[in-house]
There are 2 protein chains.
Amino acid sequence: MTISERFAAMAARGRAARLAVERAGPEARSAALKAGAAAIRARADAILSVNAKETQAARTRGESAAFIDRLTLDADRLEAIAAGVEAIAALPDPVGAERRRWTRPNGLEMVEVSVPIGLIGVIFESRPNVTADAAALCLRAGNAVILRGGSETAGSSTALVSALREGLEAAGLPADAIQTPPDADRDWVTAMLSLDEGGCDLVIPRGGKSLVAHVRAYARTPVLSHLDGVCHVYVHERADPEKALRIVLDSKMRRTGVCNAAETLLIDAACAPALLPVIAGALAGAGCALRGDDAARTLVPGMKAADEADWATEYLDAILAVRVVEGLDAALAHIAAYGSGHTDAIITQDEAAARRFLHEADSAVVLHNAATGFSDGGEFGFGGEIGIATGRLHARGPVGAAQLTTHKYIVLGHGQVRGSWPD
Amino acid sequence: MTISERFAAMAARGRAARLAVERAGPEARSAALKAGAAAIRARADAILSVNAKETQAARTRGESAAFIDRLTLDADRLEAIAAGVEAIAALPDPVGAERRRWTRPNGLEMVEVSVPIGLIGVIFESRPNVTADAAALCLRAGNAVILRGGSETAGSSTALVSALREGLEAAGLPADAIQTPPDADRDWVTAMLSLDEGGCDLVIPRGGKSLVAHVRAYARTPVLSHLDGVCHVYVHERADPEKALRIVLDSKMRRTGVCNAAETLLIDAACAPALLPVIAGALAGAGCALRGDDAARTLVPGMKAADEADWATEYLDAILAVRVVEGLDAALAHIAAYGSGHTDAIITQDEAAARRFLHEADSAVVLHNAATGFSDGGEFGFGGEIGIATGRLHARGPVGAAQLTTHKYIVLGHGQVRGSWPD
C-alpha cells in the first residue's frame, strides 16, 4: 500500500472513532483525558528515555541551542504536559451546547447545537508538548485527531500518543481517536493535505511561517492558521501617557517570540514629541532596538532608520518599528496596508476614536487600552488554544475547544408539511 | 493584461468597496438595495429586451424547454426579482451584531461581534434571478460580491447588475461592491477559483452537481456548497401513521427537483406491513415511482427493485427508493453509509428514539416529525438563502445573511498588561 492509501485507512479509522467519541458523552471524554494524563506520568521514564536519545541525536547533528531546548523534555516539563491535559479534562465540554433556539410561526422549533468538526489533522514542528496539548483540545470538542509532528521528535510524540491512547481505552473509547503516522516520511504530510474526500475535515498547522505557508499552499482541506502576526500598537493623541508606556512595553517585551507581540508602534504626531522619547527610553532600557521613520528619528536621536520592509516584518525579536502618523485615519491606513489581520491595539482616552479603530481595523482581535498579549486563548478564558486564526471563515482569533466545533440544526415538529395535501 | 490580472484588479476594487459598504452602516445598505429594486423596475424594458434575445438564441440552438424556462424573464418574474431585493432590504442587518460578551477576572471586557466575510464570489448557471438574489444577500451582510453566471444569460445578468450598481450609487456607496466580469470567457471562473491571496474570501457555487464539483475541485478559496441532497425520511416503528403518510408525501412530492426533497424512505420492519402499502399507494397516486428492497417489494406488489446505486442517488425526480430496516440503529447505519449530510427526518412518537436520531444522524439539518422541505433559509426565518452548505466548517445548512458574516473579537481594557513591570 502507498502512504496515501495507508493514510486513507487511518483517516477512516479516525472517522469511525470520532463518532464513538461524540456519542460517549462529555464524562467519557473527561475520563479519557484524565486517564491519559495518568498514563503520561506512569510512562514518564520511557518517554524521557526516548526523548533523551532524540535530544542527543540533535546535539550530534549540531542543531542550535534554541532548537534543542524546544525538543527537550525533562521531568518538570513532562509533569506540565500531564497537568495541561488534566486542565483540558476539566474544561466545559462544548459538544451538544445549544447556541440558539427559536420558534417559527408554524410551530416548528429550531435549535442550533454545537457538534464536533470531525477528524482534525494537526501538523507541527519538533515540539513534543504540542502533541498532548493539541490532541487533548481536539478530543475535548469530540473530534478525532491525526498528529504529525516534526521528524526530529517523532519518537517522543509517538510515546505521548501511546499514553493518550491508553487513556482512551481506559475510558472505554476507541484508541484511534488519537493517531500519529507510524514513521517520519514526508509523504504523510502530503497525504494529509491532499485527501479531500474522506480525509481530514480540517487541518491546523502549528509552527513557523514556512510550515504554515507549505500547508496553505498544498491543502485541499480547510485550514485554520495564521501566517504572520504583524501586530500594531497605536498611541492616539489622547492616550493616557502612563497606560501608553506600560502597554507598549508589555506588548513588545513581555515575550518577543510570540505571534501576539507588537512589531510596530504607531504614534500620533500630536503626542509623539512628549511621549515617544519616554517610551523609546523604556524600550531601550528593556533591551529593545528601534527602527523609525524620519519623524521618529528626529524625536529620538540615534534611532536606526526603518525601511519599507520593516513595516511588514514580524521580527519575533526585541526589535520594534516606529512610525509617527497624522491621526486615526493614517493609523488605520497603515494597518490596512501592512497588517496581517491578527491583533491590533489602540491606546486612547477618546471613546469615539477607540470605537472607530475597533470597528475599522480589520483584524481578528482588536484591543482598547490593553496589551496585544491578551490575544490568546488562555487570556480569553478558553482554557487553552490550538492556535490563532487570521482567515475569515469559521473561526478568527484564538481557537479553543469551542472553536473546534461546528453546528447542526435540529428541527422539532409535530407533523408539519410545506405543501397542501388532500386529507 | 491576462484575465487573471484583470480579475485581480476587479477583486481589489471589490475589497476597497466592501470596506466602504461595511462602514456606511445598515441604513445605507438598505437604501442601496431599495434603490436597486427601483432601478430594476425602471430598466425593465431594457432588461427584458436583452433577455428576449438570449432566450431566442437558446431556442435557435435547440435547448430544452426546461432550460429555456429557467433563463426566461417576463414582467412578472422581473417584478418578483425586484420585490425579492426589497424583501432583503427589509431584513435585519447582521453586521456589528453582538454575539457574545463576557468579562475576564482582570476586568477585560470581551465582545464577539459579527463582521462581513469580505469579498464573495458567486458562480452560477443561466438563471438570471440568482444574480439579484445572491448580490442582495451578500450586500445585506456588508460584503462585496463578484457574480459569474452562465454564459447563455450573461447579458441579462449584466443588465441586472447594472441596475443594482445604480442603486449602490444612489445610496452613496461604491458601485464596485457588486461586479460581474465583462465577458463570458471561462477563464474568469478559473481566475476566481485560483487566486488565493487577494482574491475572493469565499466562493459559493449555485447550480447543478457538475458545476459544484468543478468549483470544489479547483478552488483555492474556501467554498460553501453541497454536492448532493440525498435526504432520508425514516418512519420509526412508533410513528404516528397519519403524520408519517403526510410527511413522506410532502417530503418527496411537494417539489421533486429541489435539494431538500426526500430521495429514500426508510421504514421499520415492525410497522412496514401496516404502513408501507398505504404510503406507497398515496405516493403512486401522486405520480411517484418506487424502487424497493426485497422486503418492501414483498409488501407492495409491483414495486421495482432498488439496486445499490439507488441508495446513493439524488433523483431530483418523482422517484423514491424504499428500504425496510430493523430499527433505529439500522436506519442510522444506512444514513451514515449513503447519506450526503444534507437533511434527514425521523417520524416517531418515541421521544428517546427521536433524540438519538437527531443527535446521531450526522447531517446539517435533522428533523423530528416534520417534512424535509423545511430545510430552507426562508422556512428557517432567515429571509432567504444563498444556498445550503454540507461542509463542516463555518456554516452548515441554510446560508442566509447572518451566515455570510464572520466575527471579530473586541477587547475593552483600561490599561491592562500581562507582564510585571517596575512602576
# chains A, B, ... in the order shown; residues from 1 in each chain; ligands from 1

call {"tool": "closest_atom_pairs", "arguments": {"of": "chain B", "to": "chain A", "cutoff": "7 Å", "atoms": "only C-alpha atoms", "output": "Markdown table"}}
result
| residue | atom | partner | partner_atom | distance |
| --- | --- | --- | --- | --- |
| B:Ile117 | CA | A:Arg392 | CA | 6.0 |
| B:Asp201 | CA | A:Arg392 | CA | 7.0 |
| B:Pro222 | CA | A:Pro222 | CA | 6.9 |
| B:Lys243 | CA | A:Gly415 | CA | 5.2 |
| B:Ile247 | CA | A:Val417 | CA | 5.9 |
| B:Asp250 | CA | A:Val417 | CA | 6.0 |
| B:Arg254 | CA | A:Gly419 | CA | 5.8 |
| B:Leu358 | CA | A:Ile410 | CA | 6.6 |
| B:Ser363 | CA | A:Lys408 | CA | 7.0 |
| B:Ala364 | CA | A:Lys408 | CA | 4.9 |
| B:Val365 | CA | A:Tyr409 | CA | 4.8 |
| B:Val366 | CA | A:Ile410 | CA | 5.1 |
| B:Leu367 | CA | A:Val411 | CA | 4.5 |
| B:His368 | CA | A:Leu412 | CA | 5.0 |
| B:Asn369 | CA | A:Gly415 | CA | 4.9 |
| B:Ala370 | CA | A:Gln416 | CA | 4.8 |
| B:Ala371 | CA | A:Val417 | CA | 5.2 |
| B:Gly373 | CA | A:Arg418 | CA | 6.6 |
| B:Arg392 | CA | A:Ile117 | CA | 6.0 |
| B:Leu393 | CA | A:His394 | CA | 5.8 |
| B:His394 | CA | A:His394 | CA | 3.7 |
| B:Arg396 | CA | A:Lys408 | CA | 6.6 |
| B:Thr406 | CA | A:Leu393 | CA | 6.3 |
| B:His407 | CA | A:Arg396 | CA | 6.8 |
| B:Lys408 | CA | A:Ala364 | CA | 4.9 |
| B:Tyr409 | CA | A:Val365 | CA | 4.8 |
| B:Ile410 | CA | A:Val366 | CA | 5.1 |
| B:Val411 | CA | A:Leu367 | CA | 4.5 |
| B:Leu412 | CA | A:His368 | CA | 5.0 |
| B:Gly413 | CA | A:Asn369 | CA | 4.9 |
| B:His414 | CA | A:Asn369 | CA | 5.2 |
| B:Gly415 | CA | A:Asn369 | CA | 4.9 |
| B:Gln416 | CA | A:Ala370 | CA | 4.8 |
| B:Val417 | CA | A:Ala371 | CA | 5.2 |
| B:Arg418 | CA | A:Gly373 | CA | 6.6 |
| B:Gly419 | CA | A:Arg254 | CA | 5.8 |

call {"tool": "write_last_selection", "arguments": {"atoms": "C-alpha atoms", "output": "CSV table (one decimal), in the first residue's frame"}}
result
chain,number,residue,atom,x,y,z
B,117,ILE,CA,-16.7,38.0,5.4
B,201,ASP,CA,-12.6,35.3,0.7
B,222,PRO,CA,-13.0,28.3,0.9
B,243,LYS,CA,-48.1,12.1,10.2
B,247,ILE,CA,-44.6,13.9,5.8
B,250,ASP,CA,-44.8,16.2,1.3
B,254,ARG,CA,-44.1,18.8,-3.0
B,358,LEU,CA,-31.4,13.9,16.0
B,363,SER,CA,-26.4,15.9,8.8
B,364,ALA,CA,-26.6,19.7,8.6
B,365,VAL,CA,-30.3,19.6,9.3
B,366,VAL,CA,-32.2,16.9,11.1
B,367,LEU,CA,-36.0,17.0,11.7
B,368,HIS,CA,-38.4,15.3,14.0
B,369,ASN,CA,-42.0,14.9,12.7
B,370,ALA,CA,-41.6,17.5,10.0
B,371,ALA,CA,-41.0,17.4,6.3
B,373,GLY,CA,-38.7,20.7,2.8
B,392,ARG,CA,-18.4,21.1,8.2
B,393,LEU,CA,-16.7,24.5,8.5
B,394,HIS,CA,-18.2,27.9,9.1
B,396,ARG,CA,-23.9,24.2,7.7
B,406,THR,CA,-17.8,36.1,10.3
B,407,HIS,CA,-16.7,37.6,13.7
B,408,LYS,CA,-14.0,39.6,15.3
B,409,TYR,CA,-13.2,40.0,19.0
B,410,ILE,CA,-13.2,43.4,20.5
B,411,VAL,CA,-11.3,43.6,23.8
B,412,LEU,CA,-12.1,46.6,26.1
B,413,GLY,CA,-9.4,47.4,28.7
B,414,HIS,CA,-8.3,50.2,31.0
B,415,GLY,CA,-4.6,49.8,30.9
B,416,GLN,CA,-4.2,46.0,31.4
B,417,VAL,CA,-0.8,44.4,30.7
B,418,ARG,CA,0.2,40.8,31.0
B,419,GLY,CA,3.7,41.1,32.5

call {"tool": "residues_around", "arguments": {"residues": "region 310-316 of chain B", "least_positions_apart": "6", "cutoff": "8 Å", "atoms": "only C-alpha atoms", "output": "MDAnalysis selection string"}}
result
chainID B and resid 228:230 256:259 261 263:264 291 338:339

call {"tool": "select_by_dssp", "arguments": {"residues": "region 61-231 of chain B", "states": "strand (DSSP E or B)", "output": "ChimeraX atom specification"}}
result
/B:98-103,109-116,119-124,144-148,178-179,202-206,223,231

call {"tool": "residues_around", "arguments": {"residues": "Gly400 (chain A)", "least_positions_apart": "5", "cutoff": "8 Å", "atoms": "only C-alpha atoms", "output": "MDAnalysis selection string"}}
result
chainID A and resid 137 377 382:387

call {"tool": "write_last_selection", "arguments": {"atoms": "N, CA and C atoms", "output": "tab-separated table (two decimals), in the first residue's frame"}}
result
chain	number	residue	atom	x	y	z
A	137	LEU	N	-7.16	19.09	23.25
A	137	LEU	CA	-8.17	20.08	22.86
A	137	LEU	C	-9.12	19.51	21.80
A	377	GLY	N	-5.84	32.37	23.72
A	377	GLY	CA	-6.95	31.55	24.18
A	377	GLY	C	-7.08	31.49	25.69
A	382	PHE	N	-10.64	30.69	27.27
A	382	PHE	CA	-10.98	29.47	26.52
A	382	PHE	C	-10.31	28.24	27.12
A	383	GLY	N	-9.47	28.44	28.13
A	383	GLY	CA	-8.81	27.30	28.77
A	383	GLY	C	-7.71	26.70	27.92
A	384	GLY	N	-7.23	27.46	26.96
A	384	GLY	CA	-6.18	26.98	26.06
A	384	GLY	C	-6.54	27.30	24.63
A	385	GLU	N	-5.61	27.05	23.75
A	385	GLU	CA	-5.89	27.29	22.34
A	385	GLU	C	-5.01	26.37	21.53
A	386	ILE	N	-5.49	26.05	20.33
A	386	ILE	CA	-4.69	25.24	19.43
A	386	ILE	C	-3.97	26.16	18.45
A	387	GLY	N	-4.23	27.45	18.54
A	387	GLY	CA	-3.59	28.42	17.66
A	387	GLY	C	-4.48	29.63	17.51

call {"tool": "residues_around", "arguments": {"residues": "Leu299 (chain A)", "least_positions_apart": "6", "cutoff": "8 Å", "atoms": "only C-alpha atoms", "output": "PyMOL selection string"}}
result
chain A and resi 272-273+276-277

call {"tool": "write_last_selection", "arguments": {"atoms": "N, CA and C atoms", "output": "PDB file, in the first residue's frame"}}
result
ATOM      1  N   ALA A 272       3.625  62.639  19.987  1.00  0.00           N
ATOM      2  CA  ALA A 272       4.935  61.982  19.863  1.00  0.00           C
ATOM      3  C   ALA A 272       6.067  62.781  20.528  1.00  0.00           C
ATOM      4  N   PRO A 273       6.115  64.126  20.366  1.00  0.00           N
ATOM      5  CA  PRO A 273       7.239  64.856  20.972  1.00  0.00           C
ATOM      6  C   PRO A 273       7.326  64.635  22.490  1.00  0.00           C
ATOM      7  N   LEU A 276       7.055  59.919  22.810  1.00  0.00           N
ATOM      8  CA  LEU A 276       7.925  58.926  22.167  1.00  0.00           C
ATOM      9  C   LEU A 276       9.289  58.806  22.848  1.00  0.00           C
ATOM     10  N   PRO A 277       9.930  59.929  23.236  1.00  0.00           N
ATOM     11  CA  PRO A 277      11.228  59.775  23.904  1.00  0.00           C
ATOM     12  C   PRO A 277      11.136  58.932  25.183  1.00  0.00           C
TER      13      PRO A 277
END

call {"tool": "residues_around", "arguments": {"residues": "region 174-182 of chain A", "least_positions_apart": "4", "cutoff": "8 Å", "atoms": "only C-alpha atoms", "output": "mmCIF file with N, CA and C atoms, in the first residue's frame"}}
result
data_model
loop_
_atom_site.group_PDB
_atom_site.id
_atom_site.type_symbol
_atom_site.label_atom_id
_atom_site.label_comp_id
_atom_site.auth_asym_id
_atom_site.auth_seq_id
_atom_site.Cartn_x
_atom_site.Cartn_y
_atom_site.Cartn_z
ATOM 1 N N PHE A 7 -2.794 6.299 4.623
ATOM 2 C CA PHE A 7 -3.393 7.436 5.317
ATOM 3 C C PHE A 7 -4.916 7.392 5.214
ATOM 4 N N MET A 10 -6.133 5.124 7.778
ATOM 5 C CA MET A 10 -6.001 5.764 9.096
ATOM 6 C C MET A 10 -7.125 6.777 9.310
ATOM 7 N N ARG A 13 -10.361 5.034 10.080
ATOM 8 C CA ARG A 13 -10.405 4.608 11.489
ATOM 9 C C ARG A 13 -10.678 5.808 12.400
ATOM 10 N N GLY A 14 -10.073 6.936 12.084
ATOM 11 C CA GLY A 14 -10.297 8.137 12.877
ATOM 12 C C GLY A 14 -11.746 8.588 12.828
ATOM 13 N N ARG A 15 -12.331 8.548 11.625
ATOM 14 C CA ARG A 15 -13.742 8.946 11.478
ATOM 15 C C ARG A 15 -14.667 8.045 12.280
ATOM 16 N N ALA A 17 -13.848 6.326 14.889
ATOM 17 C CA ALA A 17 -13.586 6.565 16.310
ATOM 18 C C ALA A 17 -14.264 7.844 16.787
ATOM 19 N N ARG A 18 -14.283 8.861 15.947
ATOM 20 C CA ARG A 18 -14.813 10.137 16.428
ATOM 21 C C ARG A 18 -16.330 10.058 16.643
ATOM 22 N N ALA A 20 -17.822 7.456 17.828
ATOM 23 C CA ALA A 20 -17.919 6.834 19.157
ATOM 24 C C ALA A 20 -17.588 7.847 20.247
ATOM 25 N N VAL A 21 -16.565 8.667 19.996
ATOM 26 C CA VAL A 21 -16.148 9.668 20.983
ATOM 27 C C VAL A 21 -17.248 10.708 21.185
ATOM 28 N N ALA A 135 -3.875 17.255 20.920
ATOM 29 C CA ALA A 135 -4.750 16.080 20.983
ATOM 30 C C ALA A 135 -5.845 16.276 22.020
ATOM 31 N N LEU A 139 -9.900 16.381 21.336
ATOM 32 C CA LEU A 139 -10.754 15.372 21.972
ATOM 33 C C LEU A 139 -11.819 16.023 22.863
ATOM 34 N N ASN A 143 -13.711 15.611 18.767
ATOM 35 C CA ASN A 143 -13.104 15.300 17.487
ATOM 36 C C ASN A 143 -12.110 14.145 17.601
ATOM 37 N N ALA A 144 -11.830 13.507 16.480
ATOM 38 C CA ALA A 144 -10.658 12.644 16.373
ATOM 39 C C ALA A 144 -9.534 13.472 15.772
ATOM 40 N N VAL A 145 -8.300 13.041 16.020
ATOM 41 C CA VAL A 145 -7.158 13.840 15.569
ATOM 42 C C VAL A 145 -6.066 12.932 15.017
ATOM 43 N N ILE A 146 -5.418 13.404 13.975
ATOM 44 C CA ILE A 146 -4.195 12.768 13.471
ATOM 45 C C ILE A 146 -3.087 13.798 13.617
ATOM 46 N N LEU A 147 -2.064 13.424 14.382
ATOM 47 C CA LEU A 147 -0.989 14.354 14.721
ATOM 48 C C LEU A 147 0.246 14.007 13.925
ATOM 49 N N ARG A 148 0.816 15.001 13.241
ATOM 50 C CA ARG A 148 2.044 14.752 12.508
ATOM 51 C C ARG A 148 3.053 15.806 12.949
ATOM 52 N N THR A 158 5.282 9.964 19.495
ATOM 53 C CA THR A 158 4.612 8.664 19.475
ATOM 54 C C THR A 158 4.443 8.118 20.894
ATOM 55 N N VAL A 161 1.572 9.965 22.378
ATOM 56 C CA VAL A 161 0.325 9.495 21.767
ATOM 57 C C VAL A 161 -0.062 8.139 22.350
ATOM 58 N N LEU A 164 -1.752 8.665 25.612
ATOM 59 C CA LEU A 164 -3.109 9.210 25.470
ATOM 60 C C LEU A 164 -4.070 8.151 24.927
ATOM 61 N N ARG A 165 -3.577 7.292 24.052
ATOM 62 C CA ARG A 165 -4.416 6.201 23.541
ATOM 63 C C ARG A 165 -4.755 5.214 24.668
ATOM 64 N N GLU A 166 -3.805 4.988 25.543
ATOM 65 C CA GLU A 166 -4.087 4.151 26.713
ATOM 66 C C GLU A 166 -5.205 4.779 27.546
ATOM 67 N N LEU A 168 -7.627 6.703 26.409
ATOM 68 C CA LEU A 168 -8.892 6.493 25.697
ATOM 69 C C LEU A 168 -9.441 5.105 26.001
ATOM 70 N N GLU A 169 -8.576 4.119 25.899
ATOM 71 C CA GLU A 169 -9.039 2.739 26.120
ATOM 72 C C GLU A 169 -9.490 2.528 27.556
ATOM 73 N N TRP A 188 3.528 11.479 4.417
ATOM 74 C CA TRP A 188 2.340 11.529 5.280
ATOM 75 C C TRP A 188 1.739 12.932 5.276
#

call {"tool": "atom_distance", "arguments": {"atom1": "CA of His334 (chain A)", "atom2": "CA of His232 (chain A)"}}
result
9.6 Å

call {"tool": "residues_around", "arguments": {"residues": "Ser126 (chain B)", "least_positions_apart": "2", "cutoff": "8 Å", "atoms": "only C-alpha atoms", "output": "MDAnalysis selection string"}}
result
chainID B and resid 70:71 124 128 149:154

call {"tool": "closest_residue", "arguments": {"among": "B:Asp268, B:Asp69, B:Glu54, B:Glu237", "to": "Asp350 (chain B)", "atoms": "only C-alpha atoms"}}
result
B:Glu237

call {"tool": "residues_around", "arguments": {"residues": "Glu27 (chain B)", "least_positions_apart": "4", "cutoff": "10 Å", "atoms": "only C-alpha atoms", "output": "PyMOL selection string"}}
result
chain B and resi 31-33+89+93+171

call {"tool": "select_by_dssp", "arguments": {"residues": "region 223-277 of chain B", "states": "alpha helix (DSSP H)", "output": "ChimeraX atom specification"}}
result
/B:241-253,272-277
